[in-house]
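See below for the structure under consideration.
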Amino acid sequence: MSQQLPSEHAILRIVARPTDVNADGDIFGGWLMSQGDIAGSIVATRYVKGHVVTVAATNFRFIKPVLVSDIVSLYGKVKHVGTTSITISLDVYIERKAHDYDFIDKVAEAEFVYVHIDKQGKPIPIQAI
């Protein structure tokens, strides 16, 4: 059964390509994690209005495989803000042309943790918004 994409704007959309497959022909999980890190860092950077670095990818759950030519859409939101760190929650959906209709499904979810840093790479406080 096909789902709908979330109503909010996707942080990142990308098409899965043949160069991104694993030995079984599915999109490599590491590729999907990389896209999640990019999307999460966009949300974190916008929130802190500065430089962030990834310190953890947690609770990454692959729900269904991603196939070549799927349009991958990543949605993210701030889950928690600490003194110097920020946790971003991500949901990943695909759009797939299946037979004569478009198929939409959630394929992964994860949390990424980033730390706000200065030009010397030292953690700095996140200002309250």
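Naming works like this for the structure tokens: A, B, ... for the chains as they're shown, residue 1 at the start of each chain, ligands 1 onward in shown order.
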*Close residues, region 112-122 of chain A itself excluded, 12 Å, only C-alpha atoms, min 2 positions apart in chain, as an NGL selection string*: :A and (33-60 or 76-91 or 109-110 or 124-127)
Take the residues from that selection and write them out as a PDB file, in the first residue's frame, keeping C-alpha atoms.
```
ATOM      1  CA  MET A  33      23.391   6.865   5.816  1.00  0.00           C
ATOM      2  CA  SER A  34      25.577   9.412   4.016  1.00  0.00           C
ATOM      3  CA  GLN A  35      22.518  11.149   2.580  1.00  0.00           C
ATOM      4  CA  GLY A  36      21.017  11.158   6.091  1.00  0.00           C
ATOM      5  CA  ASP A  37      24.125  12.802   7.494  1.00  0.00           C
ATOM      6  CA  ILE A  38      24.014  15.489   4.801  1.00  0.00           C
ATOM      7  CA  ALA A  39      20.322  16.196   5.440  1.00  0.00           C
ATOM      8  CA  GLY A  40      20.750  16.205   9.207  1.00  0.00           C
ATOM      9  CA  SER A  41      23.685  18.591   9.010  1.00  0.00           C
ATOM     10  CA  ILE A  42      21.595  21.017   6.940  1.00  0.00           C
ATOM     11  CA  VAL A  43      18.940  21.106   9.679  1.00  0.00           C
ATOM     12  CA  ALA A  44      21.548  21.422  12.445  1.00  0.00           C
ATOM     13  CA  THR A  45      23.538  24.145  10.672  1.00  0.00           C
ATOM     14  CA  ARG A  46      20.405  26.190  10.060  1.00  0.00           C
ATOM     15  CA  TYR A  47      19.415  25.893  13.709  1.00  0.00           C
ATOM     16  CA  VAL A  48      22.773  26.792  15.270  1.00  0.00           C
ATOM     17  CA  LYS A  49      23.612  29.322  12.538  1.00  0.00           C
ATOM     18  CA  GLY A  50      27.161  28.028  12.490  1.00  0.00           C
ATOM     19  CA  HIS A  51      29.493  25.088  11.924  1.00  0.00           C
ATOM     20  CA  VAL A  52      28.573  21.599  13.140  1.00  0.00           C
ATOM     21  CA  VAL A  53      30.311  18.230  13.027  1.00  0.00           C
ATOM     22  CA  THR A  54      28.717  14.797  13.227  1.00  0.00           C
ATOM     23  CA  VAL A  55      29.401  12.898  16.444  1.00  0.00           C
ATOM     24  CA  ALA A  56      26.870  10.048  16.204  1.00  0.00           C
ATOM     25  CA  ALA A  57      24.344   8.323  13.987  1.00  0.00           C
ATOM     26  CA  THR A  58      21.961   6.486  16.281  1.00  0.00           C
ATOM     27  CA  ASN A  59      18.825   4.417  15.938  1.00  0.00           C
ATOM     28  CA  PHE A  60      19.363   4.066  12.194  1.00  0.00           C
ATOM     29  CA  GLY A  76      14.373  16.191   9.342  1.00  0.00           C
ATOM     30  CA  LYS A  77      13.522  18.072  12.498  1.00  0.00           C
ATOM     31  CA  VAL A  78      15.244  19.102  15.688  1.00  0.00           C
ATOM     32  CA  LYS A  79      14.610  16.516  18.387  1.00  0.00           C
ATOM     33  CA  HIS A  80      16.826  17.813  21.205  1.00  0.00           C
ATOM     34  CA  VAL A  81      19.178  20.735  21.844  1.00  0.00           C
ATOM     35  CA  GLY A  82      21.857  20.445  24.522  1.00  0.00           C
ATOM     36  CA  THR A  83      24.546  22.881  25.563  1.00  0.00           C
ATOM     37  CA  THR A  84      26.801  22.229  22.551  1.00  0.00           C
ATOM     38  CA  SER A  85      25.029  19.365  20.758  1.00  0.00           C
ATOM     39  CA  ILE A  86      21.885  19.017  18.701  1.00  0.00           C
ATOM     40  CA  THR A  87      19.996  15.837  17.806  1.00  0.00           C
ATOM     41  CA  ILE A  88      18.165  15.676  14.482  1.00  0.00           C
ATOM     42  CA  SER A  89      15.441  13.109  13.790  1.00  0.00           C
ATOM     43  CA  LEU A  90      15.175  11.943  10.171  1.00  0.00           C
ATOM     44  CA  ASP A  91      12.585  10.077   8.130  1.00  0.00           C
ATOM     45  CA  GLU A 109      14.555   6.503  10.021  1.00  0.00           C
ATOM     46  CA  ALA A 110      17.453   7.699  12.147  1.00  0.00           C
ATOM     47  CA  ILE A 124      30.768  26.073  21.671  1.00  0.00           C
ATOM     48  CA  PRO A 125      27.341  26.677  23.217  1.00  0.00           C
ATOM     49  CA  ILE A 126      24.262  26.705  21.041  1.00  0.00           C
ATOM     50  CA  GLN A 127      22.407  29.981  21.508  1.00  0.00           C
TER      51      GLN A 127
END
```
*asked:* Based on the backbone DSSP call, show me all residues of region 23-109 of chain A assigned strand (DSSP E), as an MDAnalysis selection string.
replied: chainID A and resid 51:62 71:81 85:98 101:109
*Enumerate the residues of chain A with a DSSP assignment of helix (DSSP H, G or I), computed from the backbone, and present them as a list in words.*
Pro18, Thr19, Asp20, Gly29, Gly30, Trp31, Leu32, Met33, Ser34, Gln35, Gly36, Asp37, Ile38, Ala39, Gly40, Ser41, Ile42, Val43, Ala44, Thr45, Arg46, Tyr47 and Val48 of chain A
Polymer residues at most 9 Å from region 1-9 of chain A, only C-alpha atoms, same-chain spacing of 3 or more positions, as an mmCIF file with N, CA and C atoms, in the first residue's frame:
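New file out_35.cif:
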```cif
data_model
loop_
_atom_site.group_PDB
_atom_site.id
_atom_site.type_symbol
_atom_site.label_atom_id
_atom_site.label_comp_id
_atom_site.auth_asym_id
_atom_site.auth_seq_id
_atom_site.Cartn_x
_atom_site.Cartn_y
_atom_site.Cartn_z
ATOM 1 N N LEU A 12 16.288 17.188 1.680
ATOM 2 C CA LEU A 12 17.142 16.733 0.582
ATOM 3 C C LEU A 12 16.365 15.731 -0.259
ATOM 4 N N SER A 73 13.710 10.989 -0.569
ATOM 5 C CA SER A 73 13.402 12.271 0.080
ATOM 6 C C SER A 73 13.650 12.144 1.577
ATOM 7 N N TYR A 75 13.488 13.929 5.355
ATOM 8 C CA TYR A 75 12.792 14.930 6.159
ATOM 9 C C TYR A 75 13.420 14.938 7.544
ATOM 10 N N TYR A 93 11.934 8.657 2.817
ATOM 11 C CA TYR A 93 10.890 8.090 1.955
ATOM 12 C C TYR A 93 11.427 7.916 0.545
ATOM 13 N N ILE A 94 10.802 7.011 -0.195
ATOM 14 C CA ILE A 94 11.113 6.869 -1.619
ATOM 15 C C ILE A 94 9.844 7.062 -2.439
ATOM 16 N N GLU A 95 10.061 7.546 -3.647
ATOM 17 C CA GLU A 95 9.010 7.566 -4.672
ATOM 18 C C GLU A 95 9.508 6.651 -5.771
ATOM 19 N N ASP A 102 2.615 5.791 -9.226
ATOM 20 C CA ASP A 102 3.737 6.146 -8.361
ATOM 21 C C ASP A 102 3.528 5.516 -6.995
ATOM 22 N N PHE A 103 4.579 4.912 -6.497
ATOM 23 C CA PHE A 103 4.563 4.239 -5.206
ATOM 24 C C PHE A 103 5.418 5.036 -4.239
ATOM 25 N N ILE A 104 4.892 5.330 -3.049
ATOM 26 C CA ILE A 104 5.610 6.078 -2.016
ATOM 27 C C ILE A 104 5.653 5.220 -0.763
ATOM 28 N N ASP A 105 6.845 5.155 -0.131
ATOM 29 C CA ASP A 105 6.968 4.357 1.079
ATOM 30 C C ASP A 105 8.092 4.896 1.961
ATOM 31 N N LYS A 106 7.922 4.747 3.269
ATOM 32 C CA LYS A 106 8.984 5.096 4.212
ATOM 33 C C LYS A 106 9.986 3.947 4.215
#
```
_Pick from A:Val72, A:Arg96, A:Pro65, A:Asp26, whichever lies nearest to Ile11 (chain A) using only C-alpha atoms_ = A:Val72
_Residues within 10 Å of Phe28 (chain A), please, as a list in words. Count only C-alpha atoms; anything in the same chain fewer than 5 positions from it doesn't count._
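Residues meeting the cut-off are Ala16, Thr19, Asp20, Val21, Asn22, Ala23, Met33, Pro65, Val66 and Leu67 of chain A.
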*Excluding Val107 (chain A) and any residue of its chain fewer than 6 positions from it, enumerate the residues within 6 Å of it, using only C-alpha atoms, and give them as number ranges by chain.*
A: 63-64, 92-93
Take the residues just selected and output them with C-alpha atoms as a PDB file, in the first residue's frame.
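Here's the written file again-v4.pdb:
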```
ATOM      1  CA  ILE A  63      12.812  -0.472   6.965  1.00  0.00           C
ATOM      2  CA  LYS A  64      12.724  -1.415   3.268  1.00  0.00           C
ATOM      3  CA  VAL A  92      13.457   8.762   4.672  1.00  0.00           C
ATOM      4  CA  TYR A  93      10.890   8.090   1.955  1.00  0.00           C
TER       5      TYR A  93
END
```
_Selected residue of minimal separation from Arg61 (chain A) among A:Val15, A:Ala10, A:Ala108, A:Leu74, counting only C-alpha atoms_ = A:Ala108
